[in-house]
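As provided, model.txt (compact mmCIF, C-alpha atoms) reads as follows.
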```
# COMPACT_ATOMS: atom_id res chain seq x y z
CA MET A 813 134.95 109.39 37.74
CA LYS A 814 131.22 108.87 37.98
CA LYS A 815 128.82 111.51 36.75
CA GLN A 816 127.85 113.76 39.64
CA SER A 817 125.15 116.30 40.05
CA ALA A 818 126.12 119.79 41.24
CA SER A 819 125.04 119.08 44.83
CA GLN A 820 126.98 115.81 44.88
CA LYS A 821 130.03 117.65 43.63
CA ALA A 822 129.59 120.30 46.33
CA TYR A 823 129.32 117.58 48.95
CA GLN A 824 132.46 115.84 47.69
CA ASP A 825 134.37 119.13 47.83
CA LEU A 826 133.10 119.78 51.36
CA ALA A 827 134.05 116.25 52.43
CA ALA A 828 137.52 116.69 50.94
CA VAL A 829 138.04 119.87 52.99
CA HIS A 830 137.12 118.13 56.24
CA ASP A 831 138.88 114.87 55.37
CA ARG A 832 141.62 114.34 57.91
CA LYS A 833 145.10 114.43 56.41
CA ARG A 834 146.56 110.96 56.66
CA PRO A 835 149.95 110.90 58.36
CA VAL A 836 151.47 109.01 55.44
CA LEU A 837 155.07 108.97 56.65
CA LEU A 838 154.19 107.81 60.16
CA ASN A 839 151.86 105.15 58.74
CA CYS A 840 154.66 103.91 56.48
CA VAL A 841 157.12 103.70 59.38
CA LYS A 842 154.62 101.72 61.46
CA ALA A 843 153.80 99.45 58.50
CA PHE A 844 157.51 98.88 57.87
CA LEU A 845 158.29 98.00 61.48
CA VAL A 846 155.33 95.69 62.10
CA GLY A 847 155.45 94.10 58.63
CA GLY A 848 159.19 93.58 58.95
CA LEU A 849 158.76 92.07 62.40
CA ILE A 850 156.12 89.61 61.16
CA CYS A 851 158.44 88.60 58.30
CA ALA A 852 161.33 88.18 60.76
CA ILE A 853 159.14 85.83 62.83
CA GLY A 854 158.38 84.02 59.58
CA GLN A 855 162.10 83.80 58.93
CA ALA A 856 162.59 82.12 62.31
CA VAL A 857 159.91 79.56 61.36
CA THR A 858 161.62 79.07 57.97
CA VAL A 859 164.96 78.44 59.70
CA VAL A 860 163.34 75.76 61.86
CA PHE A 861 161.90 74.04 58.79
CA VAL A 862 165.23 74.20 56.93
CA LEU A 863 167.30 72.96 59.88
CA TYR A 864 165.05 70.28 61.39
CA PHE A 865 162.88 69.19 58.44
CA SER A 866 163.97 68.46 54.89
CA PHE A 867 163.05 71.80 53.33
CA THR A 868 165.14 74.23 51.34
CA GLU A 869 164.98 78.02 51.55
CA GLN A 870 162.70 77.94 48.46
CA THR A 871 160.30 75.18 49.57
CA ALA A 872 160.14 76.21 53.25
CA GLY A 873 157.82 79.06 52.23
CA ASN A 874 154.76 76.77 52.18
CA PRO A 875 154.94 75.28 55.68
CA THR A 876 156.01 78.70 56.96
CA VAL A 877 152.81 80.23 55.56
CA SER A 878 150.76 77.52 57.29
CA VAL A 879 152.42 78.17 60.64
CA MET A 880 151.96 81.93 60.24
CA ILE A 881 148.24 81.40 59.58
CA PHE A 882 148.06 79.21 62.69
CA LEU A 883 149.64 82.01 64.72
CA ALA A 884 147.16 84.42 63.12
CA MET A 885 144.32 82.20 64.36
CA ILE A 886 145.52 82.46 67.97
CA VAL A 887 146.09 86.21 67.84
CA THR A 888 142.80 86.82 66.02
CA GLY A 889 140.86 84.60 68.41
CA LEU A 890 142.20 86.57 71.36
CA GLY A 891 140.96 89.73 69.64
CA LEU A 892 144.44 91.23 69.36
CA TYR A 893 144.91 91.26 65.58
CA ASP A 894 142.35 94.03 65.05
CA ARG A 895 144.19 96.21 67.53
CA LEU A 896 147.47 95.48 65.77
CA GLY A 897 145.78 96.38 62.50
CA GLN A 898 144.65 99.76 63.84
CA PHE A 899 148.25 100.53 64.72
CA ALA A 900 150.09 98.99 61.79
CA GLY A 901 147.71 99.37 58.83
CA ALA A 902 149.24 97.56 55.88
CA GLY A 903 152.01 96.25 58.15
CA SER A 904 149.62 93.64 59.51
CA ALA A 905 147.35 93.36 56.44
CA VAL A 906 149.94 92.60 53.76
CA PRO A 907 151.71 89.62 55.41
CA VAL A 908 149.91 86.31 55.01
CA THR A 909 148.83 86.59 58.65
CA GLY A 910 146.50 89.38 57.48
CA PHE A 911 145.03 87.00 54.92
CA GLY A 912 144.57 84.42 57.69
CA ASN A 913 143.07 87.06 59.96
CA ALA A 914 140.54 88.03 57.27
CA ILE A 915 139.38 84.42 56.92
CA ILE A 916 139.44 83.56 60.62
CA SER A 917 137.77 86.74 61.83
CA ALA A 918 135.01 86.30 59.23
CA ALA A 919 134.53 82.70 60.39
CA ILE A 920 134.34 83.70 64.07
CA GLU A 921 132.14 86.71 63.43
CA HIS A 922 129.46 84.70 61.60
CA LYS A 923 129.53 81.79 64.06
CA THR A 924 126.19 82.89 65.49
CA GLU A 925 124.52 82.19 62.13
CA GLY A 926 125.48 78.54 62.42
CA TYR A 927 128.36 76.49 61.07
CA VAL A 928 127.02 75.85 57.57
CA LEU A 929 125.44 79.18 56.64
CA GLY A 930 127.55 81.36 58.93
CA VAL A 931 131.06 79.94 59.18
CA GLY A 932 131.15 78.01 55.92
CA GLY A 933 129.31 80.59 53.89
CA ASN A 934 131.16 83.68 55.06
CA MET A 935 134.70 82.42 55.62
CA PHE A 936 135.99 83.86 52.33
CA LYS A 937 133.86 86.98 52.46
CA LEU A 938 136.88 89.28 52.94
CA ALA A 939 139.71 87.14 51.60
CA GLY A 940 137.85 85.86 48.54
CA SER A 941 138.89 88.78 46.34
CA VAL A 942 142.57 87.98 46.95
CA ILE A 943 142.07 84.38 45.83
CA VAL A 944 139.92 85.34 42.84
CA PHE A 945 142.30 87.95 41.47
CA GLY A 946 145.35 85.84 42.27
CA VAL A 947 143.96 82.83 40.43
CA VAL A 948 142.59 84.77 37.45
CA SER A 949 145.80 86.75 36.92
CA ALA A 950 147.98 83.65 37.43
CA PHE A 951 145.77 81.75 34.94
CA PHE A 952 146.22 84.25 32.13
CA LEU A 953 149.89 84.88 32.87
CA ALA A 954 150.61 81.14 32.95
CA ILE A 955 148.72 80.59 29.64
CA ILE A 956 150.69 83.38 27.97
CA LYS A 957 154.00 82.15 29.36
CA THR A 958 153.28 78.53 28.41
CA LEU A 959 152.39 79.51 24.85
CA LEU A 960 155.49 81.69 24.54
CA ILE A 961 157.64 78.80 25.75
CA GLN A 962 155.95 76.34 23.37
CA TRP A 963 156.43 78.69 20.45
CA GLY A 964 160.05 79.05 21.40
CA VAL A 965 159.80 82.81 22.00
CA ILE A 966 161.28 82.53 25.52
CA GLY A 967 163.43 79.83 27.11
CA MET B 1150 172.03 83.42 59.60
CA LEU B 1151 171.70 86.93 61.00
CA PRO B 1152 171.79 88.74 57.62
CA PHE B 1153 168.86 86.54 56.57
CA PHE B 1154 166.77 87.95 59.43
CA PHE B 1155 167.87 91.46 58.56
CA TRP B 1156 166.89 91.16 54.89
CA ALA B 1157 163.64 89.36 55.75
CA PHE B 1158 162.79 92.34 57.97
CA VAL B 1159 163.79 94.99 55.42
CA VAL B 1160 162.22 93.38 52.33
CA GLY B 1161 159.06 92.28 54.14
CA GLY B 1162 158.73 95.70 55.74
CA SER B 1163 159.24 97.41 52.38
CA ILE B 1164 156.47 95.39 50.72
CA CYS B 1165 154.19 96.47 53.59
CA VAL B 1166 155.19 100.11 52.97
CA ILE B 1167 154.19 99.71 49.31
CA GLY B 1168 150.84 98.41 50.53
CA GLN B 1169 150.50 101.34 52.95
CA LEU B 1170 151.26 103.82 50.14
CA LEU B 1171 148.63 102.18 47.91
CA MET B 1172 146.14 102.66 50.75
CA ASP B 1173 147.12 106.19 51.86
CA VAL B 1174 148.28 107.85 48.65
CA GLY B 1175 146.46 105.67 46.11
CA LYS B 1176 143.29 105.76 48.31
CA LEU B 1177 142.64 102.06 47.69
CA THR B 1178 140.60 99.93 50.09
CA PRO B 1179 142.55 97.14 51.87
CA ALA B 1180 140.87 94.56 49.61
CA HIS B 1181 141.96 96.45 46.48
CA THR B 1182 145.47 96.84 47.92
CA LEU B 1183 145.86 93.13 48.66
CA SER B 1184 144.44 92.12 45.28
CA THR B 1185 146.88 94.48 43.57
CA LEU B 1186 149.80 93.02 45.50
CA VAL B 1187 148.80 89.44 44.66
CA VAL B 1188 148.62 90.29 40.95
CA ALA B 1189 151.99 92.07 41.28
CA GLY B 1190 153.49 88.91 42.79
CA ALA B 1191 152.21 86.81 39.90
CA VAL B 1192 153.60 89.33 37.37
CA LEU B 1193 157.00 89.40 39.12
CA ASP B 1194 157.19 85.60 38.98
CA THR B 1195 156.18 85.60 35.31
CA ILE B 1196 159.25 87.64 34.45
CA GLY B 1197 161.37 85.50 36.78
CA LEU B 1198 162.07 88.04 39.50
CA TYR B 1199 160.27 86.55 42.51
CA GLU B 1200 162.45 83.47 43.00
CA PRO B 1201 165.67 85.49 43.29
CA LEU B 1202 163.86 87.67 45.84
CA ILE B 1203 163.03 84.57 47.93
CA ASP B 1204 166.66 83.44 47.71
CA PHE B 1205 167.70 86.86 48.89
CA ALA B 1206 165.12 87.67 51.57
CA GLY B 1207 163.63 84.31 52.62
CA ALA B 1208 160.48 84.90 54.65
CA GLY B 1209 160.64 88.60 53.72
CA ALA B 1210 159.42 87.45 50.30
CA THR B 1211 157.38 84.36 51.22
CA VAL B 1212 155.29 85.83 54.06
CA PRO B 1213 153.81 88.93 52.33
CA ILE B 1214 150.70 88.22 50.27
CA THR B 1215 152.64 88.83 47.03
CA SER B 1216 154.05 85.32 47.47
CA PHE B 1217 150.51 83.97 47.01
CA GLY B 1218 150.46 85.22 43.41
CA ASN B 1219 153.97 83.88 42.95
CA ALA B 1220 152.98 80.45 44.30
CA LEU B 1221 149.85 80.25 42.12
CA LEU B 1222 151.85 80.96 38.99
CA HIS B 1223 154.59 78.59 40.10
CA GLY B 1224 152.21 75.66 40.50
CA ALA B 1225 150.55 76.40 37.16
CA MET B 1226 153.89 76.61 35.34
CA GLU B 1227 155.28 73.48 37.01
CA GLU B 1228 152.38 71.39 35.74
CA SER B 1229 152.20 73.07 32.34
CA GLU B 1230 155.82 72.09 31.72
CA LYS B 1231 154.78 68.47 32.14
CA HIS B 1232 151.29 68.40 30.65
CA GLY B 1233 151.12 71.43 28.40
CA ILE B 1234 148.41 74.07 28.56
CA ILE B 1235 145.94 71.94 30.60
CA GLY B 1236 148.53 71.88 33.40
CA VAL B 1237 147.75 75.54 34.02
CA LEU B 1238 144.42 74.41 35.46
CA THR B 1239 145.53 71.24 37.20
CA GLY B 1240 148.58 72.86 38.77
CA MET B 1241 147.10 76.19 39.85
CA PHE B 1242 146.77 75.29 43.56
CA LYS B 1243 149.62 72.79 43.66
CA VAL B 1244 152.01 75.01 45.60
CA THR B 1245 149.43 77.20 47.34
CA SER B 1246 147.50 74.25 48.70
CA SER B 1247 149.12 74.47 52.13
CA GLY B 1248 148.25 78.14 52.60
CA ILE B 1249 144.62 77.83 51.50
CA SER B 1250 144.13 74.55 53.38
CA ALA B 1251 145.66 76.00 56.53
CA ALA B 1252 143.46 79.09 56.26
CA ILE B 1253 140.27 77.01 55.90
CA ILE B 1254 141.19 74.50 58.63
CA PHE B 1255 142.38 77.08 61.16
CA GLY B 1256 139.49 79.35 60.23
CA PHE B 1257 137.06 76.58 61.10
CA ILE B 1258 138.91 75.56 64.27
CA GLY B 1259 139.09 79.22 65.27
CA ALA B 1260 135.34 79.56 64.83
CA VAL B 1261 134.79 76.50 67.02
CA LEU B 1262 137.18 77.64 69.76
CA PHE B 1263 136.60 81.38 69.98
CA LYS B 1264 133.52 83.49 70.59
CA PRO B 1265 132.86 86.63 68.56
CA LYS B 1266 134.03 89.78 70.36
CA GLY B 1267 132.45 93.19 70.54
```

Represent the structure of the file as structure tokens.
Amino acid sequence: MKKQSASQKAYQDLAAVHDRKRPVLLNCVKAFLVGGLICAIGQAVTVVFVLYFSFTEQTAGNPTVSVMIFLAMIVTGLGLYDRLGQFAGAGSAVPVTGFGNAIISAAIEHKTEGYVLGVGGNMFKLAGSVIVFGVVSAFFLAIIKTLLIQWGVIG
Amino acid sequence: MLPFFFWAFVVGGSICVIGQLLMDVGKLTPAHTLSTLVVAGAVLDTIGLYEPLIDFAGAGATVPITSFGNALLHGAMEESEKHGIIGVLTGMFKVTSSGISAAIIFGFIGAVLFKPKG
């Protein structure tokens, strides 16, 4: 907690009183249904890759993610993903389509600033933190795991 | 075939509920929530739990953003088994390449095709 002056504290208390109660249960149900539906669509794409291309259930994840991001581009471009997000909350943010939406909507939004400074420069504005923390955590975890394997601590 | 869809729905939906709880109860911003989930995916793969989840739930485990952390770690470990510690760097994006590439390519195409709304 940051240090607060008395008036800041009073304001925070006042804001907390007027803060709308979040309908947590309803939000969770919506997130479950929409998130589950997106994953079920992903499963259909996975099945196609397993049946008609030479992928296994494990390796089909990669092309599936690409297709899901493609679908996210269409839905985002039509302006529908934001509306879905207002309804579903984490249900549309947590699947990889939300990651795609963050990149694509940032790219579209900054189009007016030009392709180099606007699109190129702002594409990862929202999604960058996911990549940064994913890579940094994976880096340290992989180093630790590699060392433990080399020292024969784990198999 | 049908149970696969069922478990993809249930597991994928459940991961989204965890995200929703982080946002509503934990009062995290969406960016903090997603970053947390990515790190959680990498941790789960470190202790060898994410691959069984993919076997069990298919897209229910590969579509949520947690799989991004899993894939980063997977690429790093694959290369480090061959080339030792330096493989952690060279392999980091090996598996995730398709997701990041797709996001950049479709992001750019999307910006060309669509006009900003609102």

Near chain B, 7 Å: chain A residue rows, closest pairs, only C-alpha atoms, as a Markdown table:
```
| residue | atom | partner | partner_atom | distance |
| --- | --- | --- | --- | --- |
| A:Arg834 | CA | B:Asp1173 | CA | 6.8 |
| A:Val836 | CA | B:Asp1173 | CA | 6.3 |
| A:Cys840 | CA | B:Val1166 | CA | 5.2 |
| A:Ala843 | CA | B:Val1166 | CA | 5.7 |
| A:Phe844 | CA | B:Gly1162 | CA | 4.0 |
| A:Leu845 | CA | B:Gly1162 | CA | 6.2 |
| A:Gly847 | CA | B:Gly1162 | CA | 4.7 |
| A:Gly848 | CA | B:Gly1162 | CA | 3.9 |
| A:Leu849 | CA | B:Phe1158 | CA | 6.0 |
| A:Cys851 | CA | B:Gly1209 | CA | 5.1 |
| A:Ala852 | CA | B:Phe1158 | CA | 5.2 |
| A:Gly854 | CA | B:Ala1208 | CA | 5.4 |
| A:Gln855 | CA | B:Ala1208 | CA | 4.7 |
| A:Thr858 | CA | B:Ala1208 | CA | 6.8 |
| A:Glu869 | CA | B:Gly1207 | CA | 6.5 |
| A:Gln870 | CA | B:Ile1203 | CA | 6.7 |
| A:Gly873 | CA | B:Thr1211 | CA | 5.4 |
| A:Asn874 | CA | B:Ser1247 | CA | 6.1 |
| A:Pro875 | CA | B:Ser1247 | CA | 6.9 |
| A:Val877 | CA | B:Gly1248 | CA | 5.8 |
| A:Ser878 | CA | B:Gly1248 | CA | 5.4 |
| A:Ile881 | CA | B:Ala1252 | CA | 6.3 |
| A:Phe882 | CA | B:Phe1255 | CA | 6.3 |
| A:Met885 | CA | B:Gly1259 | CA | 6.1 |
| A:Gly889 | CA | B:Phe1263 | CA | 5.6 |
| A:Gly891 | CA | B:Lys1266 | CA | 7.0 |
| A:Gly901 | CA | B:Gln1169 | CA | 6.8 |
| A:Ala902 | CA | B:Gln1169 | CA | 4.9 |
| A:Gly903 | CA | B:Cys1165 | CA | 5.1 |
| A:Val906 | CA | B:Pro1213 | CA | 5.5 |
| A:Pro907 | CA | B:Pro1213 | CA | 3.8 |
| A:Val908 | CA | B:Ile1214 | CA | 5.2 |
| A:Gly912 | CA | B:Ala1252 | CA | 5.6 |
| A:Ile915 | CA | B:Gly1256 | CA | 6.1 |
| A:Ile916 | CA | B:Gly1256 | CA | 4.2 |
| A:Ala919 | CA | B:Ala1260 | CA | 5.5 |
| A:Ile920 | CA | B:Ala1260 | CA | 4.3 |
| A:Glu921 | CA | B:Pro1265 | CA | 5.2 |
| A:Lys923 | CA | B:Ala1260 | CA | 6.3 |
| A:Ser941 | CA | B:Ser1184 | CA | 6.6 |
| A:Val942 | CA | B:Ser1184 | CA | 4.8 |
| A:Phe945 | CA | B:Ser1184 | CA | 6.0 |
| A:Gly946 | CA | B:Gly1218 | CA | 5.3 |
| A:Val947 | CA | B:Leu1221 | CA | 6.6 |
| A:Ser949 | CA | B:Val1188 | CA | 6.1 |
| A:Ala950 | CA | B:Leu1222 | CA | 5.0 |
| A:Phe951 | CA | B:Val1237 | CA | 6.6 |
| A:Leu953 | CA | B:Thr1195 | CA | 6.8 |
| A:Ala954 | CA | B:Met1226 | CA | 6.1 |
| A:Ile955 | CA | B:Ile1234 | CA | 6.6 |
| A:Thr958 | CA | B:Ile1234 | CA | 6.6 |
```

Output the selection as a short mmCIF file (atom, residue, chain, number, x, y, z; two decimals), keeping the file's coordinate frame - C-alpha atoms for each residue.
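Contents of again_35.cif, as written:
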```
data_model
loop_
_atom_site.label_atom_id
_atom_site.label_comp_id
_atom_site.auth_asym_id
_atom_site.auth_seq_id
_atom_site.Cartn_x
_atom_site.Cartn_y
_atom_site.Cartn_z
CA ARG A 834 146.56 110.96 56.66
CA VAL A 836 151.47 109.01 55.44
CA CYS A 840 154.66 103.91 56.48
CA ALA A 843 153.80 99.45 58.50
CA PHE A 844 157.51 98.88 57.87
CA LEU A 845 158.29 98.00 61.48
CA GLY A 847 155.45 94.10 58.63
CA GLY A 848 159.19 93.58 58.95
CA LEU A 849 158.76 92.07 62.40
CA CYS A 851 158.44 88.60 58.30
CA ALA A 852 161.33 88.18 60.76
CA GLY A 854 158.38 84.02 59.58
CA GLN A 855 162.10 83.80 58.93
CA THR A 858 161.62 79.07 57.97
CA GLU A 869 164.98 78.02 51.55
CA GLN A 870 162.70 77.94 48.46
CA GLY A 873 157.82 79.06 52.23
CA ASN A 874 154.76 76.77 52.18
CA PRO A 875 154.94 75.28 55.68
CA VAL A 877 152.81 80.23 55.56
CA SER A 878 150.76 77.52 57.29
CA ILE A 881 148.24 81.40 59.58
CA PHE A 882 148.06 79.21 62.69
CA MET A 885 144.32 82.20 64.36
CA GLY A 889 140.86 84.60 68.41
CA GLY A 891 140.96 89.73 69.64
CA GLY A 901 147.71 99.37 58.83
CA ALA A 902 149.24 97.56 55.88
CA GLY A 903 152.01 96.25 58.15
CA VAL A 906 149.94 92.60 53.76
CA PRO A 907 151.71 89.62 55.41
CA VAL A 908 149.91 86.31 55.01
CA GLY A 912 144.57 84.42 57.69
CA ILE A 915 139.38 84.42 56.92
CA ILE A 916 139.44 83.56 60.62
CA ALA A 919 134.53 82.70 60.39
CA ILE A 920 134.34 83.70 64.07
CA GLU A 921 132.14 86.71 63.43
CA LYS A 923 129.53 81.79 64.06
CA SER A 941 138.89 88.78 46.34
CA VAL A 942 142.57 87.98 46.95
CA PHE A 945 142.30 87.95 41.47
CA GLY A 946 145.35 85.84 42.27
CA VAL A 947 143.96 82.83 40.43
CA SER A 949 145.80 86.75 36.92
CA ALA A 950 147.98 83.65 37.43
CA PHE A 951 145.77 81.75 34.94
CA LEU A 953 149.89 84.88 32.87
CA ALA A 954 150.61 81.14 32.95
CA ILE A 955 148.72 80.59 29.64
CA THR A 958 153.28 78.53 28.41
#
```

Around all of range 849-864 of chain A's listed atoms, make the axis-aligned box with 8 Å on each side and tell me centre and edge lengths in Å to one decimal, as lines of an AutoDock Vina configuration file.
```
center_x = 161.7
center_y = 81.2
center_z = 59.9
size_x = 27.2
size_y = 37.8
size_z = 21.9
```

## Note on the structure
Correct to one decimal, the distance CA of Gly932 in chain A-CA of Gln898 in chain A is 26.8 Å

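Reported to one decimal place, the separation of CA of Ile853 in chain A from CA of Ser866 in chain A is 19.7 Å.
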
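Note that CA of Asn913 in chain A and CA of Ala939 in chain A are 9.0 Å apart.
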
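Residue nearest Val846 in chain A, chosen from A:Gly964, A:Gly940, A:Gly897, A:Gly926 and counting only C-alpha atoms: A:Gly897.
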
File for range 1170-1201 of chain B (N, CA and C atoms), as a PDB file, in the first residue's frame:
```
ATOM      1  N   LEU B1170     -11.857 -14.537 -11.792  1.00  0.00           N
ATOM      2  CA  LEU B1170     -11.720 -14.386 -10.336  1.00  0.00           C
ATOM      3  C   LEU B1170     -10.522 -13.501 -10.002  1.00  0.00           C
ATOM      4  N   LEU B1171      -9.425 -13.652 -10.767  1.00  0.00           N
ATOM      5  CA  LEU B1171      -8.259 -12.784 -10.542  1.00  0.00           C
ATOM      6  C   LEU B1171      -8.644 -11.332 -10.768  1.00  0.00           C
ATOM      7  N   MET B1172      -9.518 -11.099 -11.780  1.00  0.00           N
ATOM      8  CA  MET B1172      -9.917  -9.735 -12.109  1.00  0.00           C
ATOM      9  C   MET B1172     -10.921  -9.191 -11.092  1.00  0.00           C
ATOM     10  N   ASP B1173     -11.937  -9.993 -10.736  1.00  0.00           N
ATOM     11  CA  ASP B1173     -13.028  -9.507  -9.885  1.00  0.00           C
ATOM     12  C   ASP B1173     -12.665  -9.535  -8.409  1.00  0.00           C
ATOM     13  N   VAL B1174     -12.141 -10.665  -7.943  1.00  0.00           N
ATOM     14  CA  VAL B1174     -11.832 -10.802  -6.520  1.00  0.00           C
ATOM     15  C   VAL B1174     -10.430 -10.274  -6.222  1.00  0.00           C
ATOM     16  N   GLY B1175      -9.466 -10.616  -7.104  1.00  0.00           N
ATOM     17  CA  GLY B1175      -8.092 -10.164  -6.899  1.00  0.00           C
ATOM     18  C   GLY B1175      -7.884  -8.712  -7.296  1.00  0.00           C
ATOM     19  N   LYS B1176      -8.903  -8.109  -8.005  1.00  0.00           N
ATOM     20  CA  LYS B1176      -8.830  -6.713  -8.452  1.00  0.00           C
ATOM     21  C   LYS B1176      -7.592  -6.444  -9.322  1.00  0.00           C
ATOM     22  N   LEU B1177      -7.231  -7.410 -10.159  1.00  0.00           N
ATOM     23  CA  LEU B1177      -6.114  -7.204 -11.077  1.00  0.00           C
ATOM     24  C   LEU B1177      -6.632  -6.611 -12.384  1.00  0.00           C
ATOM     25  N   THR B1178      -5.786  -5.831 -13.072  1.00  0.00           N
ATOM     26  CA  THR B1178      -6.152  -5.369 -14.406  1.00  0.00           C
ATOM     27  C   THR B1178      -6.058  -6.553 -15.363  1.00  0.00           C
ATOM     28  N   PRO B1179      -6.736  -6.486 -16.538  1.00  0.00           N
ATOM     29  CA  PRO B1179      -6.616  -7.589 -17.500  1.00  0.00           C
ATOM     30  C   PRO B1179      -5.162  -7.917 -17.841  1.00  0.00           C
ATOM     31  N   ALA B1180      -4.324  -6.887 -17.990  1.00  0.00           N
ATOM     32  CA  ALA B1180      -2.923  -7.148 -18.344  1.00  0.00           C
ATOM     33  C   ALA B1180      -2.216  -7.932 -17.241  1.00  0.00           C
ATOM     34  N   HIS B1181      -2.477  -7.556 -15.971  1.00  0.00           N
ATOM     35  CA  HIS B1181      -1.882  -8.300 -14.854  1.00  0.00           C
ATOM     36  C   HIS B1181      -2.408  -9.740 -14.829  1.00  0.00           C
ATOM     37  N   THR B1182      -3.720  -9.883 -15.092  1.00  0.00           N
ATOM     38  CA  THR B1182      -4.325 -11.217 -15.080  1.00  0.00           C
ATOM     39  C   THR B1182      -3.669 -12.117 -16.118  1.00  0.00           C
ATOM     40  N   LEU B1183      -3.548 -11.599 -17.355  1.00  0.00           N
ATOM     41  CA  LEU B1183      -2.989 -12.423 -18.424  1.00  0.00           C
ATOM     42  C   LEU B1183      -1.533 -12.753 -18.150  1.00  0.00           C
ATOM     43  N   SER B1184      -0.767 -11.755 -17.652  1.00  0.00           N
ATOM     44  CA  SER B1184       0.634 -12.024 -17.330  1.00  0.00           C
ATOM     45  C   SER B1184       0.740 -13.108 -16.264  1.00  0.00           C
ATOM     46  N   THR B1185      -0.126 -13.030 -15.249  1.00  0.00           N
ATOM     47  CA  THR B1185      -0.124 -14.045 -14.194  1.00  0.00           C
ATOM     48  C   THR B1185      -0.394 -15.431 -14.770  1.00  0.00           C
ATOM     49  N   LEU B1186      -1.389 -15.503 -15.668  1.00  0.00           N
ATOM     50  CA  LEU B1186      -1.745 -16.800 -16.235  1.00  0.00           C
ATOM     51  C   LEU B1186      -0.612 -17.367 -17.092  1.00  0.00           C
ATOM     52  N   VAL B1187       0.073 -16.495 -17.833  1.00  0.00           N
ATOM     53  CA  VAL B1187       1.195 -16.969 -18.659  1.00  0.00           C
ATOM     54  C   VAL B1187       2.289 -17.551 -17.771  1.00  0.00           C
ATOM     55  N   VAL B1188       2.620 -16.823 -16.691  1.00  0.00           N
ATOM     56  CA  VAL B1188       3.646 -17.320 -15.771  1.00  0.00           C
ATOM     57  C   VAL B1188       3.178 -18.646 -15.158  1.00  0.00           C
ATOM     58  N   ALA B1189       1.879 -18.723 -14.817  1.00  0.00           N
ATOM     59  CA  ALA B1189       1.342 -19.961 -14.241  1.00  0.00           C
ATOM     60  C   ALA B1189       1.500 -21.124 -15.216  1.00  0.00           C
ATOM     61  N   GLY B1190       1.264 -20.862 -16.507  1.00  0.00           N
ATOM     62  CA  GLY B1190       1.434 -21.912 -17.512  1.00  0.00           C
ATOM     63  C   GLY B1190       2.866 -22.402 -17.577  1.00  0.00           C
ATOM     64  N   ALA B1191       3.820 -21.455 -17.516  1.00  0.00           N
ATOM     65  CA  ALA B1191       5.233 -21.841 -17.551  1.00  0.00           C
ATOM     66  C   ALA B1191       5.595 -22.659 -16.313  1.00  0.00           C
ATOM     67  N   VAL B1192       5.066 -22.259 -15.145  1.00  0.00           N
ATOM     68  CA  VAL B1192       5.357 -22.992 -13.903  1.00  0.00           C
ATOM     69  C   VAL B1192       4.779 -24.408 -13.982  1.00  0.00           C
ATOM     70  N   LEU B1193       3.520 -24.507 -14.480  1.00  0.00           N
ATOM     71  CA  LEU B1193       2.887 -25.823 -14.580  1.00  0.00           C
ATOM     72  C   LEU B1193       3.679 -26.752 -15.491  1.00  0.00           C
ATOM     73  N   ASP B1194       4.238 -26.194 -16.585  1.00  0.00           N
ATOM     74  CA  ASP B1194       5.015 -27.038 -17.483  1.00  0.00           C
ATOM     75  C   ASP B1194       6.347 -27.422 -16.846  1.00  0.00           C
ATOM     76  N   THR B1195       6.913 -26.511 -16.027  1.00  0.00           N
ATOM     77  CA  THR B1195       8.181 -26.822 -15.367  1.00  0.00           C
ATOM     78  C   THR B1195       8.047 -28.067 -14.507  1.00  0.00           C
ATOM     79  N   ILE B1196       6.919 -28.186 -13.805  1.00  0.00           N
ATOM     80  CA  ILE B1196       6.744 -29.352 -12.947  1.00  0.00           C
ATOM     81  C   ILE B1196       6.017 -30.481 -13.683  1.00  0.00           C
ATOM     82  N   GLY B1197       5.912 -30.327 -15.016  1.00  0.00           N
ATOM     83  CA  GLY B1197       5.442 -31.450 -15.839  1.00  0.00           C
ATOM     84  C   GLY B1197       3.951 -31.701 -15.803  1.00  0.00           C
ATOM     85  N   LEU B1198       3.158 -30.669 -15.498  1.00  0.00           N
ATOM     86  CA  LEU B1198       1.719 -30.891 -15.397  1.00  0.00           C
ATOM     87  C   LEU B1198       0.954 -30.420 -16.632  1.00  0.00           C
ATOM     88  N   TYR B1199       1.587 -29.567 -17.481  1.00  0.00           N
ATOM     89  CA  TYR B1199       0.785 -28.992 -18.566  1.00  0.00           C
ATOM     90  C   TYR B1199       0.557 -29.976 -19.706  1.00  0.00           C
ATOM     91  N   GLU B1200       1.565 -30.814 -19.988  1.00  0.00           N
ATOM     92  CA  GLU B1200       1.407 -31.761 -21.089  1.00  0.00           C
ATOM     93  C   GLU B1200       0.277 -32.765 -20.840  1.00  0.00           C
ATOM     94  N   PRO B1201       0.198 -33.334 -19.628  1.00  0.00           N
ATOM     95  CA  PRO B1201      -0.953 -34.203 -19.359  1.00  0.00           C
ATOM     96  C   PRO B1201      -2.287 -33.492 -19.530  1.00  0.00           C
TER      97      PRO B1201
END
```
